[in-house]
Amino acid sequence: FDGMIEAKGYVNRSEAIRDLIRNMLISKEVADPESEVIGTLTLIFSHDQHEITDRLNEIQHGYFKNVISSTHVHLDEHNCLEVLILRGEAKTVQMIADRLVSTKNVRHGRLTVTTTGKNLP
């Protein structure tokens, strides 16, 4: 444990234990489908696939209240990375992410969620 504390740069054990407890509380909160969460969704896809950008945009526009921001990056001449910030009930954020990740020709996608912080001590 002390080695992990040092590697992460904590100044003492108390800070590390505090973060462990906070992470447990956050995990419990975001597991509730009704809880408000904020998350990032990372997508990798090839823009060479016909109409993929249109399909992804159409889904995002359907949930414009939940899609806070999106960034599109050209990785090379064929591949794109898109990162979206999503906010809403956990079940809604997960459903939006599932729809986008399962879109034909999306090569990879990953959702990371956390609490909005309003219920943290």
# chains A, B, ... in the order shown; residues from 1 in each chain; ligands from 1

$ select_by_dssp --residues "stretch 43-118 of chain A" --states "strand (DSSP E or B)" --output "MDAnalysis selection string"
chainID A and resid 43:46 67:74 79:89 106:115

$ select_by_dssp --residues "chain A" --states "helix (DSSP H, G or I)" --output "compact mmCIF listing (two decimals) with N, CA and C atoms, in the first residue's frame"
# COMPACT_ATOMS: atom_id res chain seq x y z
N ASP A 2 1.92 1.23 0.80
CA ASP A 2 2.82 2.39 0.86
C ASP A 2 3.49 2.65 -0.50
N GLY A 3 3.84 1.59 -1.21
CA GLY A 3 4.42 1.75 -2.54
C GLY A 3 3.44 2.39 -3.51
N MET A 4 2.18 1.98 -3.43
CA MET A 4 1.15 2.57 -4.29
C MET A 4 0.93 4.04 -3.94
N ILE A 5 0.94 4.34 -2.64
CA ILE A 5 0.76 5.73 -2.20
C ILE A 5 1.87 6.61 -2.78
N GLU A 6 3.09 6.11 -2.68
CA GLU A 6 4.22 6.88 -3.19
C GLU A 6 4.15 7.03 -4.71
N ALA A 7 3.83 5.94 -5.41
CA ALA A 7 3.76 5.99 -6.88
C ALA A 7 2.69 6.97 -7.36
N LYS A 8 1.58 7.07 -6.65
CA LYS A 8 0.50 7.99 -7.03
C LYS A 8 0.77 9.42 -6.58
N ARG A 13 -1.04 8.49 4.04
CA ARG A 13 -2.03 7.41 3.93
C ARG A 13 -3.46 7.93 4.03
N SER A 14 -3.68 8.92 4.86
CA SER A 14 -5.04 9.45 5.05
C SER A 14 -5.64 9.92 3.73
N GLU A 15 -4.85 10.60 2.92
CA GLU A 15 -5.34 11.09 1.62
C GLU A 15 -5.69 9.91 0.71
N ALA A 16 -4.86 8.89 0.71
CA ALA A 16 -5.12 7.71 -0.12
C ALA A 16 -6.39 7.00 0.34
N ILE A 17 -6.56 6.84 1.63
CA ILE A 17 -7.75 6.18 2.17
C ILE A 17 -9.00 7.00 1.87
N ARG A 18 -8.89 8.31 1.99
CA ARG A 18 -10.02 9.19 1.65
C ARG A 18 -10.47 8.95 0.21
N ASP A 19 -9.49 8.87 -0.73
CA ASP A 19 -9.84 8.64 -2.13
C ASP A 19 -10.45 7.27 -2.36
N LEU A 20 -9.96 6.26 -1.66
CA LEU A 20 -10.55 4.92 -1.77
C LEU A 20 -12.01 4.93 -1.33
N ILE A 21 -12.29 5.59 -0.23
CA ILE A 21 -13.67 5.68 0.27
C ILE A 21 -14.53 6.46 -0.71
N ARG A 22 -14.01 7.57 -1.20
CA ARG A 22 -14.78 8.38 -2.16
C ARG A 22 -15.08 7.57 -3.41
N ASN A 23 -14.12 6.81 -3.91
CA ASN A 23 -14.36 5.99 -5.10
C ASN A 23 -15.43 4.94 -4.85
N MET A 24 -15.46 4.37 -3.66
CA MET A 24 -16.51 3.39 -3.32
C MET A 24 -17.87 4.07 -3.30
N LEU A 25 -17.96 5.25 -2.71
CA LEU A 25 -19.23 5.99 -2.67
C LEU A 25 -19.70 6.35 -4.08
N ILE A 26 -18.78 6.79 -4.92
CA ILE A 26 -19.13 7.15 -6.30
C ILE A 26 -19.61 5.92 -7.06
N SER A 27 -18.93 4.79 -6.90
CA SER A 27 -19.34 3.55 -7.58
C SER A 27 -20.76 3.17 -7.19
N LYS A 28 -21.07 3.29 -5.93
CA LYS A 28 -22.42 2.96 -5.46
C LYS A 28 -23.45 3.93 -6.04
N GLU A 29 -23.12 5.21 -6.05
CA GLU A 29 -24.06 6.21 -6.56
C GLU A 29 -24.33 6.03 -8.05
N VAL A 30 -23.29 5.84 -8.86
CA VAL A 30 -23.51 5.76 -10.31
C VAL A 30 -24.14 4.43 -10.71
N ALA A 31 -24.14 3.45 -9.82
CA ALA A 31 -24.81 2.17 -10.12
C ALA A 31 -26.33 2.31 -10.06
N ILE A 52 -21.35 7.23 -41.65
CA ILE A 52 -21.20 7.00 -40.22
C ILE A 52 -21.29 8.30 -39.43
N THR A 53 -20.67 9.36 -39.94
CA THR A 53 -20.72 10.64 -39.23
C THR A 53 -22.15 11.13 -39.15
N ASP A 54 -22.91 10.98 -40.22
CA ASP A 54 -24.32 11.39 -40.20
C ASP A 54 -25.11 10.59 -39.17
N ARG A 55 -24.87 9.28 -39.11
CA ARG A 55 -25.60 8.44 -38.15
C ARG A 55 -25.26 8.83 -36.71
N LEU A 56 -23.98 9.04 -36.43
CA LEU A 56 -23.57 9.43 -35.09
C LEU A 56 -24.16 10.79 -34.71
N ASN A 57 -24.13 11.73 -35.64
CA ASN A 57 -24.70 13.05 -35.38
C ASN A 57 -26.20 12.99 -35.16
N GLU A 58 -26.88 12.15 -35.92
CA GLU A 58 -28.33 12.01 -35.77
C GLU A 58 -28.69 11.52 -34.36
N ILE A 59 -27.97 10.52 -33.88
CA ILE A 59 -28.21 10.01 -32.52
C ILE A 59 -27.94 11.11 -31.50
N GLN A 60 -26.82 11.81 -31.65
CA GLN A 60 -26.47 12.87 -30.70
C GLN A 60 -27.52 13.98 -30.68
N HIS A 61 -28.01 14.38 -31.84
CA HIS A 61 -29.03 15.41 -31.90
C HIS A 61 -30.32 14.97 -31.24
N GLY A 62 -30.60 13.68 -31.28
CA GLY A 62 -31.79 13.16 -30.62
C GLY A 62 -31.72 13.28 -29.10
N ALA A 90 -28.29 7.98 -14.99
CA ALA A 90 -27.33 6.93 -15.36
C ALA A 90 -27.89 6.04 -16.46
N LYS A 91 -29.16 5.67 -16.35
CA LYS A 91 -29.74 4.78 -17.36
C LYS A 91 -29.81 5.44 -18.73
N THR A 92 -30.06 6.74 -18.77
CA THR A 92 -30.13 7.46 -20.04
C THR A 92 -28.75 7.61 -20.66
N VAL A 93 -27.77 7.98 -19.84
CA VAL A 93 -26.40 8.13 -20.34
C VAL A 93 -25.89 6.79 -20.88
N GLN A 94 -26.17 5.71 -20.18
CA GLN A 94 -25.74 4.38 -20.64
C GLN A 94 -26.42 4.01 -21.95
N MET A 95 -27.71 4.32 -22.07
CA MET A 95 -28.46 3.99 -23.28
C MET A 95 -27.91 4.77 -24.48
N ILE A 96 -27.61 6.06 -24.28
CA ILE A 96 -27.04 6.86 -25.37
C ILE A 96 -25.69 6.28 -25.79
N ALA A 97 -24.85 5.97 -24.81
CA ALA A 97 -23.54 5.38 -25.11
C ALA A 97 -23.69 4.07 -25.86
N ASP A 98 -24.61 3.22 -25.42
CA ASP A 98 -24.83 1.94 -26.08
C ASP A 98 -25.25 2.13 -27.54
N ARG A 99 -26.13 3.07 -27.77
CA ARG A 99 -26.59 3.33 -29.15
C ARG A 99 -25.43 3.79 -30.03
N LEU A 100 -24.60 4.68 -29.51
CA LEU A 100 -23.49 5.20 -30.30
C LEU A 100 -22.42 4.13 -30.54
N VAL A 101 -22.06 3.40 -29.50
CA VAL A 101 -21.02 2.37 -29.63
C VAL A 101 -21.46 1.26 -30.56

$ residues_around --residues "A:Leu111" --least-positions-apart "6" --cutoff "7 Å" --atoms "only C-alpha atoms" --output "NGL selection string"
:A and (39-42 or 97)

$ write_last_selection --atoms "all heavy atoms" --output "compact mmCIF listing (two decimals), in the first residue's frame"
# COMPACT_ATOMS: atom_id res chain seq x y z
N GLY A 39 -20.44 11.79 -17.78
CA GLY A 39 -19.51 10.81 -18.32
C GLY A 39 -18.86 11.26 -19.60
O GLY A 39 -19.31 12.22 -20.24
N THR A 40 -17.82 10.56 -19.94
CA THR A 40 -17.17 10.78 -21.23
C THR A 40 -17.30 9.50 -22.05
O THR A 40 -17.13 8.40 -21.54
CB THR A 40 -15.67 11.12 -21.08
OG1 THR A 40 -15.01 10.09 -20.35
CG2 THR A 40 -15.50 12.45 -20.37
N LEU A 41 -17.63 9.67 -23.29
CA LEU A 41 -17.72 8.55 -24.22
C LEU A 41 -16.69 8.78 -25.32
O LEU A 41 -16.68 9.82 -25.98
CB LEU A 41 -19.12 8.47 -24.84
CG LEU A 41 -19.31 7.39 -25.90
CD1 LEU A 41 -19.10 6.00 -25.32
CD2 LEU A 41 -20.67 7.51 -26.56
N THR A 42 -15.81 7.80 -25.47
CA THR A 42 -14.77 7.87 -26.49
C THR A 42 -15.13 6.89 -27.60
O THR A 42 -15.41 5.73 -27.33
CB THR A 42 -13.40 7.51 -25.89
OG1 THR A 42 -13.14 8.38 -24.80
CG2 THR A 42 -12.30 7.63 -26.93
N ALA A 97 -24.85 5.97 -24.81
CA ALA A 97 -23.54 5.38 -25.11
C ALA A 97 -23.69 4.07 -25.86
O ALA A 97 -22.99 3.82 -26.85
CB ALA A 97 -22.75 5.18 -23.82

$ residues_around --residues "A:Leu81" --least-positions-apart "3" --cutoff "7 Å" --atoms "only C-alpha atoms" --output "JSON, numbers by chain"
{"A": [43, 44, 45, 72, 73, 74, 75]}

$ atom_distance --atom1 "atom CA of A:Ser70" --atom2 "atom CA of A:Val83"
5.5 Å

$ closest_residue --among "A:Leu84, A:Val37, A:Val106, A:Ile68" --to "A:His50" --atoms "only C-alpha atoms"
A:Val106

$ closest_residue --among "A:Glu89, A:Ile38, A:Tyr10, A:Phe1" --to "A:Thr112" --atoms "only C-alpha atoms"
A:Ile38

$ atom_distance --atom1 "atom CA of A:Lys104" --atom2 "atom CA of A:Glu51"
10.0 Å

$ atom_distance --atom1 "atom CA of A:Leu86" --atom2 "atom CA of A:Val67"
4.7 Å

$ decode --residues "stretch 23-52 of chain A" --atoms "N, CA and C atoms" --output "PDB file, in the first residue's frame"
ATOM      1  N   ASN A  23     -14.118   6.811  -3.910  1.00  0.00           N
ATOM      2  CA  ASN A  23     -14.356   5.985  -5.099  1.00  0.00           C
ATOM      3  C   ASN A  23     -15.427   4.938  -4.846  1.00  0.00           C
ATOM      4  N   MET A  24     -15.455   4.366  -3.655  1.00  0.00           N
ATOM      5  CA  MET A  24     -16.507   3.392  -3.321  1.00  0.00           C
ATOM      6  C   MET A  24     -17.868   4.067  -3.302  1.00  0.00           C
ATOM      7  N   LEU A  25     -17.962   5.254  -2.715  1.00  0.00           N
ATOM      8  CA  LEU A  25     -19.227   5.989  -2.672  1.00  0.00           C
ATOM      9  C   LEU A  25     -19.705   6.354  -4.076  1.00  0.00           C
ATOM     10  N   ILE A  26     -18.780   6.786  -4.920  1.00  0.00           N
ATOM     11  CA  ILE A  26     -19.130   7.148  -6.297  1.00  0.00           C
ATOM     12  C   ILE A  26     -19.611   5.916  -7.058  1.00  0.00           C
ATOM     13  N   SER A  27     -18.926   4.787  -6.896  1.00  0.00           N
ATOM     14  CA  SER A  27     -19.340   3.552  -7.578  1.00  0.00           C
ATOM     15  C   SER A  27     -20.755   3.168  -7.195  1.00  0.00           C
ATOM     16  N   LYS A  28     -21.072   3.293  -5.927  1.00  0.00           N
ATOM     17  CA  LYS A  28     -22.422   2.959  -5.459  1.00  0.00           C
ATOM     18  C   LYS A  28     -23.447   3.930  -6.039  1.00  0.00           C
ATOM     19  N   GLU A  29     -23.119   5.207  -6.053  1.00  0.00           N
ATOM     20  CA  GLU A  29     -24.060   6.209  -6.559  1.00  0.00           C
ATOM     21  C   GLU A  29     -24.330   6.032  -8.049  1.00  0.00           C
ATOM     22  N   VAL A  30     -23.291   5.845  -8.860  1.00  0.00           N
ATOM     23  CA  VAL A  30     -23.506   5.758 -10.308  1.00  0.00           C
ATOM     24  C   VAL A  30     -24.140   4.434 -10.715  1.00  0.00           C
ATOM     25  N   ALA A  31     -24.143   3.448  -9.819  1.00  0.00           N
ATOM     26  CA  ALA A  31     -24.806   2.174 -10.116  1.00  0.00           C
ATOM     27  C   ALA A  31     -26.328   2.308 -10.064  1.00  0.00           C
ATOM     28  N   ASP A  32     -26.830   3.333  -9.418  1.00  0.00           N
ATOM     29  CA  ASP A  32     -28.270   3.581  -9.338  1.00  0.00           C
ATOM     30  C   ASP A  32     -28.729   4.166 -10.668  1.00  0.00           C
ATOM     31  N   PRO A  33     -29.611   3.480 -11.399  1.00  0.00           N
ATOM     32  CA  PRO A  33     -30.038   3.959 -12.726  1.00  0.00           C
ATOM     33  C   PRO A  33     -30.691   5.342 -12.705  1.00  0.00           C
ATOM     34  N   GLU A  34     -31.200   5.750 -11.541  1.00  0.00           N
ATOM     35  CA  GLU A  34     -31.878   7.044 -11.430  1.00  0.00           C
ATOM     36  C   GLU A  34     -30.924   8.182 -11.056  1.00  0.00           C
ATOM     37  N   SER A  35     -29.692   7.870 -10.694  1.00  0.00           N
ATOM     38  CA  SER A  35     -28.778   8.912 -10.223  1.00  0.00           C
ATOM     39  C   SER A  35     -28.311   9.776 -11.387  1.00  0.00           C
ATOM     40  N   GLU A  36     -27.997  11.035 -11.071  1.00  0.00           N
ATOM     41  CA  GLU A  36     -27.468  11.941 -12.091  1.00  0.00           C
ATOM     42  C   GLU A  36     -25.971  11.708 -12.200  1.00  0.00           C
ATOM     43  N   VAL A  37     -25.528  11.471 -13.437  1.00  0.00           N
ATOM     44  CA  VAL A  37     -24.108  11.216 -13.686  1.00  0.00           C
ATOM     45  C   VAL A  37     -23.607  12.125 -14.788  1.00  0.00           C
ATOM     46  N   ILE A  38     -22.306  12.186 -14.876  1.00  0.00           N
ATOM     47  CA  ILE A  38     -21.650  12.843 -15.992  1.00  0.00           C
ATOM     48  C   ILE A  38     -20.607  11.864 -16.501  1.00  0.00           C
ATOM     49  N   GLY A  39     -20.437  11.789 -17.783  1.00  0.00           N
ATOM     50  CA  GLY A  39     -19.515  10.806 -18.319  1.00  0.00           C
ATOM     51  C   GLY A  39     -18.865  11.262 -19.602  1.00  0.00           C
ATOM     52  N   THR A  40     -17.816  10.556 -19.945  1.00  0.00           N
ATOM     53  CA  THR A  40     -17.165  10.777 -21.232  1.00  0.00           C
ATOM     54  C   THR A  40     -17.299   9.501 -22.050  1.00  0.00           C
ATOM     55  N   LEU A  41     -17.626   9.667 -23.295  1.00  0.00           N
ATOM     56  CA  LEU A  41     -17.723   8.554 -24.222  1.00  0.00           C
ATOM     57  C   LEU A  41     -16.690   8.777 -25.317  1.00  0.00           C
ATOM     58  N   THR A  42     -15.810   7.801 -25.469  1.00  0.00           N
ATOM     59  CA  THR A  42     -14.769   7.870 -26.494  1.00  0.00           C
ATOM     60  C   THR A  42     -15.126   6.891 -27.605  1.00  0.00           C
ATOM     61  N   LEU A  43     -15.134   7.381 -28.828  1.00  0.00           N
ATOM     62  CA  LEU A  43     -15.454   6.554 -29.998  1.00  0.00           C
ATOM     63  C   LEU A  43     -14.301   6.611 -30.992  1.00  0.00           C
ATOM     64  N   ILE A  44     -14.010   5.472 -31.605  1.00  0.00           N
ATOM     65  CA  ILE A  44     -13.040   5.390 -32.695  1.00  0.00           C
ATOM     66  C   ILE A  44     -13.779   4.834 -33.906  1.00  0.00           C
ATOM     67  N   PHE A  45     -13.638   5.511 -35.045  1.00  0.00           N
ATOM     68  CA  PHE A  45     -14.287   5.030 -36.264  1.00  0.00           C
ATOM     69  C   PHE A  45     -13.537   5.541 -37.478  1.00  0.00           C
ATOM     70  N   SER A  46     -13.790   4.909 -38.606  1.00  0.00           N
ATOM     71  CA  SER A  46     -13.201   5.336 -39.864  1.00  0.00           C
ATOM     72  C   SER A  46     -14.212   6.194 -40.605  1.00  0.00           C
ATOM     73  N   HIS A  47     -13.788   7.382 -40.990  1.00  0.00           N
ATOM     74  CA  HIS A  47     -14.719   8.237 -41.730  1.00  0.00           C
ATOM     75  C   HIS A  47     -14.907   7.755 -43.163  1.00  0.00           C
ATOM     76  N   ASP A  48     -14.124   6.738 -43.576  1.00  0.00           N
ATOM     77  CA  ASP A  48     -14.291   6.166 -44.912  1.00  0.00           C
ATOM     78  C   ASP A  48     -15.604   5.396 -45.048  1.00  0.00           C
ATOM     79  N   GLN A  49     -16.159   4.993 -43.919  1.00  0.00           N
ATOM     80  CA  GLN A  49     -17.427   4.263 -43.937  1.00  0.00           C
ATOM     81  C   GLN A  49     -18.554   5.252 -44.230  1.00  0.00           C
ATOM     82  N   HIS A  50     -19.310   4.951 -45.248  1.00  0.00           N
ATOM     83  CA  HIS A  50     -20.350   5.860 -45.714  1.00  0.00           C
ATOM     84  C   HIS A  50     -21.368   6.166 -44.621  1.00  0.00           C
ATOM     85  N   GLU A  51     -21.630   7.432 -44.462  1.00  0.00           N
ATOM     86  CA  GLU A  51     -22.696   7.953 -43.616  1.00  0.00           C
ATOM     87  C   GLU A  51     -22.511   7.720 -42.120  1.00  0.00           C
ATOM     88  N   ILE A  52     -21.355   7.232 -41.653  1.00  0.00           N
ATOM     89  CA  ILE A  52     -21.204   6.996 -40.216  1.00  0.00           C
ATOM     90  C   ILE A  52     -21.289   8.299 -39.431  1.00  0.00           C
TER      91      ILE A  52
END
